[in-house]
Structure formats: structure tokens, C-alpha cells
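Below: the structure, in C-alpha cells.
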Amino acid sequence: MASVFMRIFNLICMMLLIGHWSGCLQFLVPMLQGFPSNSWVAINELQESYWLEQYSWALFKAMSHMLCIGYGRFPPQSLTDMWLTMLSMISGATCYALFLGHATNLIQSLDSSRRQYREKVKQVEEYMAYRKLPRDMRQRITEYFEHRYQGKFFDEECILGELSEKLREDVINYNCRSLVASVPFFANADSNFVSDVVTKLRYEVFQPGDIIIKEGTIGSKMYFIQEGIVDIVMANGEVATSLSDGSYFGEICLLTNARRVASVRAETYCNLFSLSVDHFNAVLDQYPLMRKTMETVAAERLNKIGKNPNIMAQKEESESGNTETNQISAVVNALAAEADNVDNLSDGNGSMKKGASQSSLNELNQSLKMSLPRPKS
């Protein structure tokens with residue numbers, strides 16, 4: 001703001017300086033001519049006046065010409081005065097144009113984000129008219145923009161993308177400080193984990209009545225509530241529970257790779273931060289303890305809405321079983337390959353190679369025994 005005032009001050013000073021030069025020129029030319037009787041100095045009887053009075057009348061005459069509001073006390077009486085008057089008018093018109101241009105730029109630069117918002121809204125209105133959208137839909141779109149941008153529009157992704165990685169991380173952490181403070185899950189978590197999560201969050205806004213998550217669909221993200229209230233809705237339309245500021249939801253299907261177990265509906269305007277499934281898995285792979293914590297909370301929520309909480313345990317056993325199956329398959333394939341090599345051995349050097357192959361078979365058999373899971377009691 002201080003720089004804007006300095007630019008305005010410099011512009012006014014420049015106009016006064018041009019007026020000073022024009023006034024000095026108005027007096028200098030008649031003085032060089034010896035103050036002829038038809039000059040404005042002689043007509044006003046200023047030849048022997050004090051210099052301050054002479055300067056004041058000269059400046060008044062110059063400013064009158066420059067602002068195009070008159071010719072001073074008398075119009076030009078000679079050809080010289082006429083040309084000086086036209087020169088003052090031209091310089092005054094130039095200063096006037098410069099002043100308007102600079103003032104316009106200064107006013108626009110005072111709040112460029114609000115100007116961009118108005119341009120964006122105007123563009124959206126033209127789009128809605130072009131597509132002939134219904135009136136209620138236009139109203140919802142307008143209210144969405146008003147709530148999301150609050151009269152100011154920023155290309156935040158572009159701004160953050162031009163920052164260094166460390167500075168971008170600091171800005172995002174600062175912007176999400178209220179979310180981190182309101183989410184108990186973050187309050188007790190490792191600071192590095194919190195930083196990794198918030199730098200991957202994406203801001204989203206939902207209006208009252210919007211279905212944020214639909215039951216039975218494949219989940220691609222989870223959500224953290226910064227502000228607002230959402231309802232967990234079952235298939236029969238019953239509201240199982242409500243979540244508000246500081247809560248999160250949508251993590252169950254990301255943990256289980258299953259479909260959504262319930263729908264989530266926005267009860268009020270909701271400001272949410274979403275975390276995609278790819279970023280979700282990437283972060284939790286680095287922090288297995290936080291994964292266990294989220295799985296425990298997910299099991300409690302499943303039990304609360306009447307779903308089977310053993311889905312989480314079944315998922316863990318499935319992953320463990322898949323790992324053991326892969327190990328067994330690898331060993332069996334290796335045994336089969338060694339057996340084929342034994343059958344294809346030639347008679348000349350068969351005994352030595354068979355002995356070596358038999359030794360390899362014994363080692364692989366031993367590794368198979370070690371890799372097989374112990375029976376559960």
C-alpha cells in the first residue's frame with residue numbers, strides 16, 4: 001500500500017513540475033521580447049512587481065491553459081501568446097491522459113484478485129447463458145463461487161508451483177494449520193507424517209445436500225473436514241451418525257480396497273480437504289503405525305454403522321496369504337525347473353550332474369518347508 005501512495009505522489013509531483021516549467025516559459029518569452037505592450041505581463045502591469053507575484057500569475061496562467069479552464073485574466077493578445085497558450089494546452093492534455101492512465105492502473109493494482117474474481121464470475125455467467133442452464137442451477141453455481149472464493153480469485157496452484165519445495169511446504173503447512181489443529185488424528189501424529197499428508201491435500205467445497213460419497217462406488221479419495229457438517233447415510237436412508245469440524249471419512253474403502261460402505265451427504269456448506277488413494281497409500285507405506293491407527297478407527301466406525309468390522313482383519317490376512325502363496329509358487333516353480341533339468345541329463349556325465357541337481361532339490365525342498373506357514377492353533 002505504501003508503494004501505491006508513493007506512485008501517486010510521484011505522479012502529482014511530475015504534473016506540478018511540468019506546470020512550473022510552463023509558467024516559467026510563459027514569463028520568459030515576454031521578458032526576452034522586452035515586455036511588449038500587448039503581452040500579458042504588460043497588460044497586468046507586472047514588469048516591476050515582486051518576483052513572487054510575477055511567478056504566481058505566470059503559474060496561474062499556465063495551469064489555466066493546461067487544465068483547459070480559461071486563459072488567465074486575459075486571452076492571448078499576440079501571436080507569441082497564442083502559441084505559448086497552445087503549447088500549454090498540449091502539455092496539459094498529455095499530463096491529463098497520463099494521470100488518468102496511471103490512476104486507472106493504480107486502482108486496478110490495489111485489488112487485482114477482486115478484479116480477477118469479477119472477470120471469472122462474468123465469464124461463468126456468459127457460459128451459463130450460452131448453455132441455457134436452468135435458473136436454479138445458475139443460482140447454485142453463483143452461490144458456490146461466492147462461498148468458495150469469497151470475492152477474491154487466486155491461481156494458487158500456479159503461485160505455489162513457482163516456489164521452492166521447502167517454501168511451498170511451509171506455506172501449505174501454514175494454510176492448513178487450522179485443519180491440523182482441529183483434527184485429533186493429526187494432533188497426536190508424527191510431525192513428518194502430518195507434513196507429508198497436508199502437502200498432498202486438495203481443497204474442495206460442497207453445498208448443502210451434495211452427495212460427497214455414494215455407497216457402493218469405488219473409493220478414490222478420503223476427506224478431512226475443515227468446516228461444516230456431513231451425515232453418514234445408510235442404504236435405507238437412515239442417518240447413522242454426523243461428522244463435523246476436525247473429523248475425517250472415506251478411509252475405510254482405501255484401507256480395504258472394497259466399495260464404499262455408506263453414503264456421505266453434506267448437511268451444510270462444507271470446506272473439505274481430500275487425499276487421493278495414491279497419495280494415501282504412498283504416505284501410509286512410510287508410516288505403518290499410522291496405518292494401524294487408521295485401521296483401528298475404521299473398524300470402530302464399521303461396528304458403529306452396523307457393518308462387519310472383521311473386514312479389516314480379513315484384509316490383513318488376505319495380504320499375508322497372498323505373500324505366502326507367492327513364496328510357495330516361486331519355490332514350486334523352481335523345483336519343477338530343476339526336475340526337468342534332471343530328466344534331460346545325458347548318460348555320459350549323468351551321475352555327477354544328477355548328484356548336483358539332487359543337492360539343489362534338497363536345498364529348495366528345505367526352503368519350501370521354512371517358507372510354509374505354521375498351522376494356527
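Scheme for the C-alpha cells: letters A, B, ... for chains in order shown; per-chain residue numbers from 1; ligand numbers from 1 in order shown.
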Exercise for the section: Identify, on the basis of only C-alpha atoms, every residue whose closest approach to Gln26 (chain A) does not exceed 12 Å; exclude the query and any residue fewer than 3 positions from it along the same chain; express the result as a ChimeraX atom specification. Expected result: /A:19-23,29-33,35,39-41,54-65,71-72,76,80-88
Handout entry: Selection near Gly216 (chain A), 7 Å with only C-alpha atoms, sequence-local residues under 3 positions removed, as an NGL selection string
Key = :A and (259-261)
Could the residues of region 51-117 of chain A that have an atom at most 9 Å from region 151-172 of chain A be listed as a tab-separated table, each with its closest atom pair and the distance in Å to one decimal, counting only C-alpha atoms and ordered by chain and ascending residue number?
```
residue	atom	partner	partner_atom	distance
A:Asp111	CA	A:Lys152	CA	8.8
A:Ser112	CA	A:Lys152	CA	8.6
A:Ser113	CA	A:Lys152	CA	5.0
A:Arg114	CA	A:Lys152	CA	4.6
A:Arg115	CA	A:Lys152	CA	7.8
A:Gln116	CA	A:Phe153	CA	5.9
A:Tyr117	CA	A:Phe153	CA	4.7
```
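Of the residues listed (A:Gly250, A:Pro184, A:Gly209, A:Pro288), A:Gly250 shows the shortest atom-to-atom separation from Ser276 (chain A); distances use only C-alpha atoms.
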Practice task
Take CA of Gln150 (chain A) and CA of Phe224 (chain A) and report the distance between them in Å, one decimal.
Solution key: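 Rounded to one decimal, the two atoms are 20.9 Å apart.
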Exercise for the section: Enumerate, as a PyMOL selection string, the complete set of residues in region 26-233 of chain A that a backbone-based DSSP assignment places in strand (DSSP E). Expected result: chain A and resi 202-206+211-213+221-227+230-233
Keeping only N, CA, C and O atoms, write those residues as a PDB file, in the first residue's frame.
```
ATOM      1  N   ARG A 202      -5.999 -31.593  -1.216  1.00  0.00           N
ATOM      2  CA  ARG A 202      -6.630 -30.745  -2.242  1.00  0.00           C
ATOM      3  C   ARG A 202      -7.921 -30.170  -1.657  1.00  0.00           C
ATOM      4  O   ARG A 202      -8.754 -30.900  -1.144  1.00  0.00           O
ATOM      5  N   TYR A 203      -8.049 -28.849  -1.764  1.00  0.00           N
ATOM      6  CA  TYR A 203      -9.199 -28.151  -1.168  1.00  0.00           C
ATOM      7  C   TYR A 203     -10.438 -28.331  -2.039  1.00  0.00           C
ATOM      8  O   TYR A 203     -10.387 -28.176  -3.260  1.00  0.00           O
ATOM      9  N   GLU A 204     -11.563 -28.665  -1.393  1.00  0.00           N
ATOM     10  CA  GLU A 204     -12.830 -28.842  -2.100  1.00  0.00           C
ATOM     11  C   GLU A 204     -13.959 -28.256  -1.272  1.00  0.00           C
ATOM     12  O   GLU A 204     -13.882 -28.220  -0.040  1.00  0.00           O
ATOM     13  N   VAL A 205     -14.998 -27.802  -1.967  1.00  0.00           N
ATOM     14  CA  VAL A 205     -16.173 -27.209  -1.314  1.00  0.00           C
ATOM     15  C   VAL A 205     -17.410 -27.936  -1.803  1.00  0.00           C
ATOM     16  O   VAL A 205     -17.555 -28.209  -2.999  1.00  0.00           O
ATOM     17  N   PHE A 206     -18.318 -28.249  -0.854  1.00  0.00           N
ATOM     18  CA  PHE A 206     -19.583 -28.898  -1.189  1.00  0.00           C
ATOM     19  C   PHE A 206     -20.729 -28.093  -0.600  1.00  0.00           C
ATOM     20  O   PHE A 206     -20.618 -27.522   0.493  1.00  0.00           O
ATOM     21  N   ILE A 211     -24.055 -35.043  -2.445  1.00  0.00           N
ATOM     22  CA  ILE A 211     -23.594 -36.371  -2.067  1.00  0.00           C
ATOM     23  C   ILE A 211     -22.081 -36.421  -2.299  1.00  0.00           C
ATOM     24  O   ILE A 211     -21.617 -36.451  -3.439  1.00  0.00           O
ATOM     25  N   ILE A 212     -21.349 -36.421  -1.215  1.00  0.00           N
ATOM     26  CA  ILE A 212     -19.887 -36.420  -1.318  1.00  0.00           C
ATOM     27  C   ILE A 212     -19.385 -37.813  -1.663  1.00  0.00           C
ATOM     28  O   ILE A 212     -18.490 -37.983  -2.511  1.00  0.00           O
ATOM     29  N   ILE A 213     -19.948 -38.826  -0.993  1.00  0.00           N
ATOM     30  CA  ILE A 213     -19.596 -40.231  -1.232  1.00  0.00           C
ATOM     31  C   ILE A 213     -20.885 -41.005  -1.437  1.00  0.00           C
ATOM     32  O   ILE A 213     -21.842 -40.829  -0.683  1.00  0.00           O
ATOM     33  N   LYS A 221     -10.623 -41.415  -2.931  1.00  0.00           N
ATOM     34  CA  LYS A 221     -10.054 -40.404  -2.038  1.00  0.00           C
ATOM     35  C   LYS A 221     -10.752 -40.466  -0.690  1.00  0.00           C
ATOM     36  O   LYS A 221     -11.840 -41.019  -0.552  1.00  0.00           O
ATOM     37  N   MET A 222     -10.099 -39.893   0.311  1.00  0.00           N
ATOM     38  CA  MET A 222     -10.695 -39.691   1.621  1.00  0.00           C
ATOM     39  C   MET A 222     -10.732 -38.201   1.899  1.00  0.00           C
ATOM     40  O   MET A 222     -10.089 -37.405   1.203  1.00  0.00           O
ATOM     41  N   TYR A 223     -11.480 -37.792   2.933  1.00  0.00           N
ATOM     42  CA  TYR A 223     -11.718 -36.379   3.180  1.00  0.00           C
ATOM     43  C   TYR A 223     -11.460 -36.025   4.640  1.00  0.00           C
ATOM     44  O   TYR A 223     -11.730 -36.824   5.538  1.00  0.00           O
ATOM     45  N   PHE A 224     -10.952 -34.797   4.837  1.00  0.00           N
ATOM     46  CA  PHE A 224     -10.812 -34.199   6.161  1.00  0.00           C
ATOM     47  C   PHE A 224     -11.720 -32.965   6.199  1.00  0.00           C
ATOM     48  O   PHE A 224     -11.712 -32.150   5.273  1.00  0.00           O
ATOM     49  N   ILE A 225     -12.491 -32.826   7.272  1.00  0.00           N
ATOM     50  CA  ILE A 225     -13.446 -31.726   7.383  1.00  0.00           C
ATOM     51  C   ILE A 225     -12.769 -30.543   8.068  1.00  0.00           C
ATOM     52  O   ILE A 225     -12.410 -30.619   9.234  1.00  0.00           O
ATOM     53  N   GLN A 226     -12.616 -29.468   7.330  1.00  0.00           N
ATOM     54  CA  GLN A 226     -12.119 -28.242   7.943  1.00  0.00           C
ATOM     55  C   GLN A 226     -13.259 -27.457   8.589  1.00  0.00           C
ATOM     56  O   GLN A 226     -13.126 -26.927   9.687  1.00  0.00           O
ATOM     57  N   GLU A 227     -14.386 -27.392   7.878  1.00  0.00           N
ATOM     58  CA  GLU A 227     -15.546 -26.664   8.398  1.00  0.00           C
ATOM     59  C   GLU A 227     -16.801 -27.239   7.761  1.00  0.00           C
ATOM     60  O   GLU A 227     -16.842 -27.484   6.549  1.00  0.00           O
ATOM     61  N   VAL A 230     -21.394 -33.172   7.955  1.00  0.00           N
ATOM     62  CA  VAL A 230     -21.819 -34.184   6.983  1.00  0.00           C
ATOM     63  C   VAL A 230     -22.561 -35.288   7.723  1.00  0.00           C
ATOM     64  O   VAL A 230     -22.318 -35.540   8.908  1.00  0.00           O
ATOM     65  N   ASP A 231     -23.473 -35.938   6.994  1.00  0.00           N
ATOM     66  CA  ASP A 231     -24.242 -37.056   7.547  1.00  0.00           C
ATOM     67  C   ASP A 231     -23.804 -38.354   6.881  1.00  0.00           C
ATOM     68  O   ASP A 231     -23.624 -38.406   5.659  1.00  0.00           O
ATOM     69  N   ILE A 232     -23.634 -39.411   7.694  1.00  0.00           N
ATOM     70  CA  ILE A 232     -23.366 -40.749   7.176  1.00  0.00           C
ATOM     71  C   ILE A 232     -24.717 -41.426   6.958  1.00  0.00           C
ATOM     72  O   ILE A 232     -25.438 -41.697   7.917  1.00  0.00           O
ATOM     73  N   VAL A 233     -25.064 -41.680   5.711  1.00  0.00           N
ATOM     74  CA  VAL A 233     -26.399 -42.160   5.352  1.00  0.00           C
ATOM     75  C   VAL A 233     -26.300 -43.616   4.913  1.00  0.00           C
ATOM     76  O   VAL A 233     -25.473 -43.969   4.059  1.00  0.00           O
TER      77      VAL A 233
END
```
Handout entry: One-decimal distance in Å that lies between CA of Ser263 (chain A) and CA of Pro208 (chain A)
Key = 14.4 Å
Handout entry: Between CA of Asn173 (chain A) and CA of Ser195 (chain A), distance in Å (one decimal)
Key =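 About the pair CA of Asn173 (chain A) and CA of Ser195 (chain A): they are 6.8 Å apart.
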